[in-house]
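Have a look at the structure below, then the notes.
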Amino acid sequence: MLRKKMLRTFWLYKVQFISMILMVMLGIGMFTCFNIEWKSIEYNMFSLFKNSNYADYRLINSNGFSEEDLNNILDIKGVKNASRFITINADVNEKSGDTVAISITTNFDVSSFVLIDGEKYNKNSDDGIWLSDQYAKKNKISIGDSLYFTYNNIKLKGRVRGLIKAGEQMICVSDKTQIMPDFKSHGFAYISPALYEETLGFPYYPNINVLSNIDAKTFSKEADKALGNTNLIIPKEDTLSYSQAEGEVSEGKAMGSILPALFLLIALLTMISTMHRLTVKEKSQIGTLKALGFHDSKIVFHYTSLAFIISSLGSILGIALGYFLAWIIMNPKGMMGTYLDLPEWKLVSPWYCYPLIIIIIFTLTFIGYLSVRNMLKGTASEALSPYIPKKVKPMLIEKTKIFKLIPFGTRWNLRDIVRHKTRTAMSLVGIIGCTIITIASFGIKETMNDFLDVYYENGLNYSSKIYLSENASDDERFDIIKRYNGDYGASTNVKLKEKNVNLDIYNLENGKIQTIDKNSKQFKIKNDGAYICMRISEKFNLHEGDTFSISPYGGNEKFDMVVNGIFRSTSKNIIISDKYAQKLNIPYKIDSVYTDVKKGDIELSNNIKSVHSKKMIMDSFEVFLSIMNNMLYLYVAGALVLGIIVLYNLGTMSYVERYREMATLKVVGFRDNKIGKILYNQNLLISIMGIIIGIPLGILTLSSMLKSLASEYEMKMSIGIPSYLFTIILTLSMSLFVSGMIARKNRKIDMVEALKYQE
């Protein structure tokens with residue numbers, strides 16, 4: 001019998017039940033989606049690192065390492081394996097403007113690759129090239145094709161033996177200024193030591209890559225002792241692939257713990273309120289069942305089952321939605337597929353998602369239980385009597401003369417808001433949540449656009465960046481600078497309180513690079529101090545006017561510097577002018593030239609290693625912004641859909657509760673459009689209140705998110721008038737759209753039937 005009643009109840013309240021299921025589905029779907037995203041990146045990243053023997057440490061010495069040096073490192077207790085290693089950026093002769101990062105490892109068990117197709121790696125191959133499968137696909141290169149490379153005027157010829165993925169090139173960019181990979185113009189490859197040494201004429205390996213569980217401080221000490229000098233040692237956490245992927249994981253955790261949590265909270269609060277009101281609406285039915293002799297436990301089980309079915313079905317659909325959205329993001333052709341080059345795209349959920357979903361189902365079921373238990377108190381006759389809302393005290397404004405001057409519709413709405421505080425609060429929460437998510441999403445978009453515009457579009461004023469050969473003399477370097485009328489720079493790694501940071505030395509007389517301060521304003525580098533990025537400033541508690549010391553690798557010298565200013569950067573670095581470096585006697589070699597000459601007009605020579613165009617960098621931004629915008633649009637769309645469902649659900653409940661009141665208004669002469677206007681005004685009032693509260697909270701949410709992303713980007717929060725306007729317009733439009741749907745219902749009011757209802 002009660003099974004049939006359950007079906008009738010579902011049909012009677014189908015709108016409410018469907019809306020509750022959708023609310024739970026959206027809340028859990030958005031929550032699981034973005035948590036699956038970061039966990040899947042972490043899982044698949046570490047899987048690739050493990051399968052490609054990603055090194056824990058990289059020792060770097062521009063003079064190169066010998067076989068004896070390698071054996072000395074292998075003798076260190078705790079070192080599992082090691083290999084001499086090198087990566088060079090070579091030009092592809094068949095593809096004008098293309099470059100390929102060619103890697104050579106003397107031990108395939110360290111810093112190697114995962115074979116996707118073709119022959120196994122052969123360290124003695126005299127012509128084998130194992131090429132990135134993505135680069136091959138984009139450029140229609142097949143196994144067996146011949147390729148010709150040029151590096152430092154040295155020609156290298158080989159044949160593609162296999163297609164690969166590599167942990168060392170999981171994020172394959174030509175240099176640190178490029179944000180997104182572009183496999184159409186830049187890829188990677190591995191060749192054998194035999195082919196490399198035969199082409200070069202001698203073995204030159206400036207890296208030793210090491211697998212070890214020793215902590216960084218101990219390993220650094222032991223390595224310096226084994227080699228007899230100080231070398232630059234980069235732990236895997238500071239490498240591009242590892243740090244950027246970790247940044248994506250941290251970013252995903254930040255996004256997954258703030259905005260999706262808001263989705264979930266809004267959905268659950270509204271679900272609880274709706275479930276309670278549905279139980280109240282069924283009070284007479286509960287009393288009838290009790291009067292017919294049904295035991296309380298039977299009635300409790302019946303109504304608790306409704307809550308369980310709704311929460312369970314919503315959760316199952318939410319999990320399915322979460323996996324579907326996560327798959328859109330995490331697949332080879334999806335958003336992250338354009339950034340990460342992974343052999344496996346397995347979707348993995350964090351351990352806490354499923355226990356949390358079970359807790360949510362239990363909580364919602366328990367709320368249903370408490371609601372029906374409250375209705376069963378007392379005798380059957382008491383349960384049969386209609387639910388009577390608590391009496392509310394008159395508002396203070398009602399006691400004033402001003403209240404009588406207020407239009408009737410406004411007075412009616414104010415009394416209704418006070419009388420139904422819970423429903424009003426839930427509607428307000430829905431509006432506030434929608435506003436927070438929308439303003440935060442638009443704020444992130446505008447903040448990132450401004451950052452890229454200031455830092456790259458207006459900050460990089462060159463056409464091409466020339467990379468100079470390590471073998472070029474000082475006279476040859478300055479000859480290239482003069483020939484192409486460029487600015488120049490040198491980059492080296494130094495120790496700052498035992499931490500590895502970049503030291504960038506510039507001569508920017510032609511303004512080819514512009515630096516930006518904490519306020520995102522451009523400034524010129526002076527010759528009497530150093531400029532540190534915000535992350536270094538915060539980490540080492542350094543401020544303008546403070547003094548700090550750096551130590552170049554390979555020696556015991558220390559150089560004291562004064563902090564001249566703090567700037568925003570995409571990497572952890574210190575900037576000084578060439579004159580300040582000369583004043584402090586810091587040794588450096590000019591390694592790059594920035595010029596207005598187009599890449600195609602720059603002639604490669606023994607002194608020019610490679611040339612990159614600014615266009616390559618800017619093209620990668622397009623892809624980056626596209627991914628980011630898609631993610632944000634997903635948030636905004638989800639927020640609006642959730643807001644519509646929440647408000648429609650609560651509006652429908654409000655309509656049912658006020659059915660007799662609206663019938664009375666129609667009896668005394670109010671027309672449908674007049675009653676509709678009253679409903680519109682109430683929702684408009686609540687919407688305006690929600691927007692006023694939601695915008696400041698959204699700004700705080702955005703600020704919190706930017707702090708979470710500070711390890712990857714140093715961005716200044718930027719929210720302009722368009723973001724505020726879009727947020728207000730979208731939120732009000734959503735609210736008014738729902739109001740219109742509810743207001744149309746008053747045309748169907750049966751005045752006679754409504755007024756027969758017993759108060």
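Each chain in the structure tokens gets a letter, A, B and so on, in the order shown; residues start at 1 in every chain, and ligands are counted from 1 in the order they appear.
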
**Q.** All strand (DSSP E) residues (DSSP, backbone) inside range 521-690 of chain A, as number ranges by chain
**A.** A: 522-523, 530-533, 547-552, 559-567, 573-577, 592-595, 608-613

Q: Would you list the contacts of Gly337 in chain A as an NGL selection string, taking every protein, DNA or RNA residue within 12 Å and counting only C-alpha atoms, but skipping same-chain residues closer than 2 positions in sequence?
A: :A and (41 or 134 or 170-171 or 180-183 or 327-335 or 339-345 or 623-624 or 627)

Q: Measuring atom to atom with only C-alpha atoms, identify which of A:Arg658, A:Lys526, A:Arg744, A:Arg419 is nearest to Tyr580 in chain A.
A: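 Ranking A:Arg658, A:Lys526, A:Arg744, A:Arg419 by distance to Tyr580 in chain A, first place goes to A:Lys526.
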
Q: List every residue of range 499-695 of chain A that DSSP, applied to the backbone, labels as helix (DSSP H, G or I), and write the result as a PyMOL selection string.
A: chain A and resi 534-539+578-583+599-601+614-657+659-667+672-695

(Q) Applying 12 Å and only C-alpha atoms, which residues near Asp224 in chain A remain after dropping the ones on its own chain fewer than 4 positions away? List them as a PyMOL selection string. (A) chain A and resi 59-61+69+72-73+76+217-220+228-233+553-556

With only C-alpha atoms counted and 12 Å as the cut-off, give the residues of range 159-185 of chain A in contact with range 242-247 of chain A, each with its shortest interatomic distance in Å and the pair that gives it, as CSV.
```
residue,atom,partner,partner_atom,distance
A:Gly167,CA,A:Tyr242,CA,8.6
A:Glu168,CA,A:Tyr242,CA,8.6
A:Gln169,CA,A:Tyr242,CA,9.8
A:Met170,CA,A:Tyr242,CA,8.5
A:Ile171,CA,A:Gln244,CA,7.9
A:Cys172,CA,A:Gln244,CA,11.1
A:Val173,CA,A:Gln244,CA,11.5
A:Lys176,CA,A:Gln244,CA,10.9
A:Ile179,CA,A:Gln244,CA,9.9
A:Met180,CA,A:Gln244,CA,10.9
```

Q: Please provide the set of residues having any atom within 7 Å of Lys558 in chain A, restricted to only C-alpha atoms, with same-chain residues fewer than 5 positions apart removed, written as JSON, numbers by chain.
A: {"A": [549, 550, 551]}

Next, write the just-selected residues to a file, as an mmCIF file, in the first residue's frame, keeping N, CA, C and O atoms as the atom set.
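For reference, selection-v1.cif as written:
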```cif
data_model
loop_
_atom_site.group_PDB
_atom_site.id
_atom_site.type_symbol
_atom_site.label_atom_id
_atom_site.label_comp_id
_atom_site.auth_asym_id
_atom_site.auth_seq_id
_atom_site.Cartn_x
_atom_site.Cartn_y
_atom_site.Cartn_z
ATOM 1 N N SER A 549 72.611 37.802 0.489
ATOM 2 C CA SER A 549 73.801 37.271 -0.163
ATOM 3 C C SER A 549 73.431 36.118 -1.089
ATOM 4 O O SER A 549 72.544 35.316 -0.772
ATOM 5 N N ILE A 550 74.134 36.037 -2.229
ATOM 6 C CA ILE A 550 73.965 34.911 -3.149
ATOM 7 C C ILE A 550 75.323 34.265 -3.390
ATOM 8 O O ILE A 550 76.371 34.917 -3.246
ATOM 9 N N SER A 551 75.299 32.986 -3.762
ATOM 10 C CA SER A 551 76.537 32.258 -4.048
ATOM 11 C C SER A 551 76.382 31.534 -5.378
ATOM 12 O O SER A 551 75.528 30.644 -5.492
#
```

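Residues surrounding Glu544 in chain A within 9 Å are Tyr531, Val562, Val563, Asn564, Gly565 and Ile566 of chain A [only C-alpha atoms; sequence separation below 6 positions excluded].
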